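Q: Can you read through this structure? Questions will come right after.
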Amino acid sequence: LVCWRKAGPKSLWKRRGEFPGELKKWNQNLPKSSDLEAQLQWSEAVSDLKTQGVLVVRHHFSPWMADPLTHHSLLSVQENNGKLESVSELSPLIHSLVDAWMSDIQVQAFCKSDVNISKEKVIERLTIKGGI
């Protein structure tokens, strides 16, 4: 079995340490689905980058759905005393999943090997006014 390698798409950043900037702040300021104006600006930036040979992928994930009042997980379990408790209140590990996700890569960018654009330029283009 022979594998012939040739130049192909490359990831501008794969890991947190390769991300050009403060990742947690970046993630916190990504356009919310409820902010239509920011979503439109994001879409325009992604389309513009695509014409320059850069594919941007945003990962949408939520470790658990939060109760808007308590900010704890909506998933509850019944304790021995019969009382329902949020799993995020009972488990520090589950509680920390949101912070872990906010500190991880949520947006990736790929380009062909012959595209000459820096990751800093990509981040600059994806920066939404009034947001990040």
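Residues in the structure tokens are numbered from 1 in each chain, the chains being A, B, ... in the order shown, and ligands are numbered from 1 in the order shown.
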Can you pull out every residue within 7 Å of region 87-94 of chain A, counting only C-alpha atoms, but drop anything in the same chain fewer than 5 positions away, and send it as a list in words?
A: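 Neighbouring residues, sequence-local ones excluded: His72, Ser73, Leu75, Ser76 and Val77 of chain A.
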Q: Which residues come within 12 Å of region 39-41 of chain A, counting only C-alpha atoms, excluding same-chain residues fewer than 2 positions away, as a list in words?
A: Asn29, Leu30, Pro31, Lys32, Ser33, Ser34, Asp35, Leu36, Glu37, Ser43, Glu44, Ala45, Val46, Ser47, Asp48, Arg58, Arg125, Leu126, Thr127, Ile128, Lys129, Gly130 and Gly131 of chain A
Q: Take the residues that were just selected and, keeping C-alpha atoms, output them as a JSON list (two decimals), in the first residue's frame.
A:
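Saved as part.json:
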```
[["chain", "number", "residue", "atom", "x", "y", "z"],
["A", 29, "ASN", "CA", -18.29, 37.09, 21.49],
["A", 30, "LEU", "CA", -19.27, 34.87, 18.58],
["A", 31, "PRO", "CA", -22.61, 35.99, 17.11],
["A", 32, "LYS", "CA", -25.58, 34.59, 19.00],
["A", 33, "SER", "CA", -28.26, 32.88, 16.93],
["A", 34, "SER", "CA", -30.75, 35.48, 18.19],
["A", 35, "ASP", "CA", -28.65, 38.42, 16.90],
["A", 36, "LEU", "CA", -29.73, 38.60, 13.26],
["A", 37, "GLU", "CA", -27.54, 41.57, 12.38],
["A", 43, "SER", "CA", -22.28, 35.15, 6.93],
["A", 44, "GLU", "CA", -20.91, 37.96, 4.77],
["A", 45, "ALA", "CA", -17.43, 37.54, 6.29],
["A", 46, "VAL", "CA", -17.53, 33.77, 5.77],
["A", 47, "SER", "CA", -18.66, 34.24, 2.14],
["A", 48, "ASP", "CA", -15.94, 36.82, 1.51],
["A", 58, "ARG", "CA", -18.31, 27.04, 13.12],
["A", 125, "ARG", "CA", -12.20, 39.49, 8.96],
["A", 126, "LEU", "CA", -14.44, 37.36, 11.19],
["A", 127, "THR", "CA", -14.47, 39.98, 13.93],
["A", 128, "ILE", "CA", -18.01, 41.31, 14.05],
["A", 129, "LYS", "CA", -18.37, 45.00, 14.85],
["A", 130, "GLY", "CA", -19.82, 45.47, 18.30],
["A", 131, "GLY", "CA", -18.96, 41.87, 19.07]]
```
Q: So, with only C-alpha atoms as the atoms that count, which of A:Ala109, A:Leu74, A:Gly8, A:Trp64 lies closest to Leu97 (chain A)?
A: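 Once distances to Leu97 (chain A) are computed over only C-alpha atoms, the minimum belongs to A:Trp64.
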Q: Given only C-alpha atoms as the basis, pick out the residue of A:Leu23, A:Thr70, A:Leu55, A:Lys10 nearest to Val122 (chain A).
A: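 Nearest candidate to Val122 (chain A) out of A:Leu23, A:Thr70, A:Leu55, A:Lys10: A:Leu55.
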Q: May I have all residues of chain A that DSSP, computed from the backbone, assigns to alpha helix (DSSP H), given as a PyMOL selection string?
A: chain A and resi 23-28+36-51+87-90+92-95+97-102+119-126
Q: To one decimal place in Å, what is the distance between CA of Val98 (chain A) and CA of Val54 (chain A)?
A: 28.6 Å
Q: May I ask which of the residues A:Asp114, A:Glu120, A:Asp67, A:Asp104 is the closest one to Lys24 (chain A), counting only C-alpha atoms?
A: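 Selected residue with least distance to Lys24 (chain A): A:Asp104.
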Q: Could you pull out all residues of chain A with a DSSP call of strand (DSSP E) and give them as a PyMOL selection string?
A: chain A and resi 10-11+54-58+76-78+84-86+107-111
Q: With only C-alpha atoms as the counted atoms, please give the residues lying no more than 12 Å from Phe19 (chain A), apart from itself and same-chain residues fewer than 4 positions off, as a PyMOL selection string.
A: chain A and resi 11-15+23-27+103-109+118-120+122-123
Q: From the set A:His71, A:Gly21, A:Val57, A:Asn80, which residue has the shortest atom-to-atom contact distance to Glu124 (chain A), counting only C-alpha atoms?
A: A:Gly21
Q: Measure the distance from CA of Phe110 (chain A) to CA of Ala38 (chain A) in Å and round it to one decimal.
A: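 So the answer is 22.2 Å.
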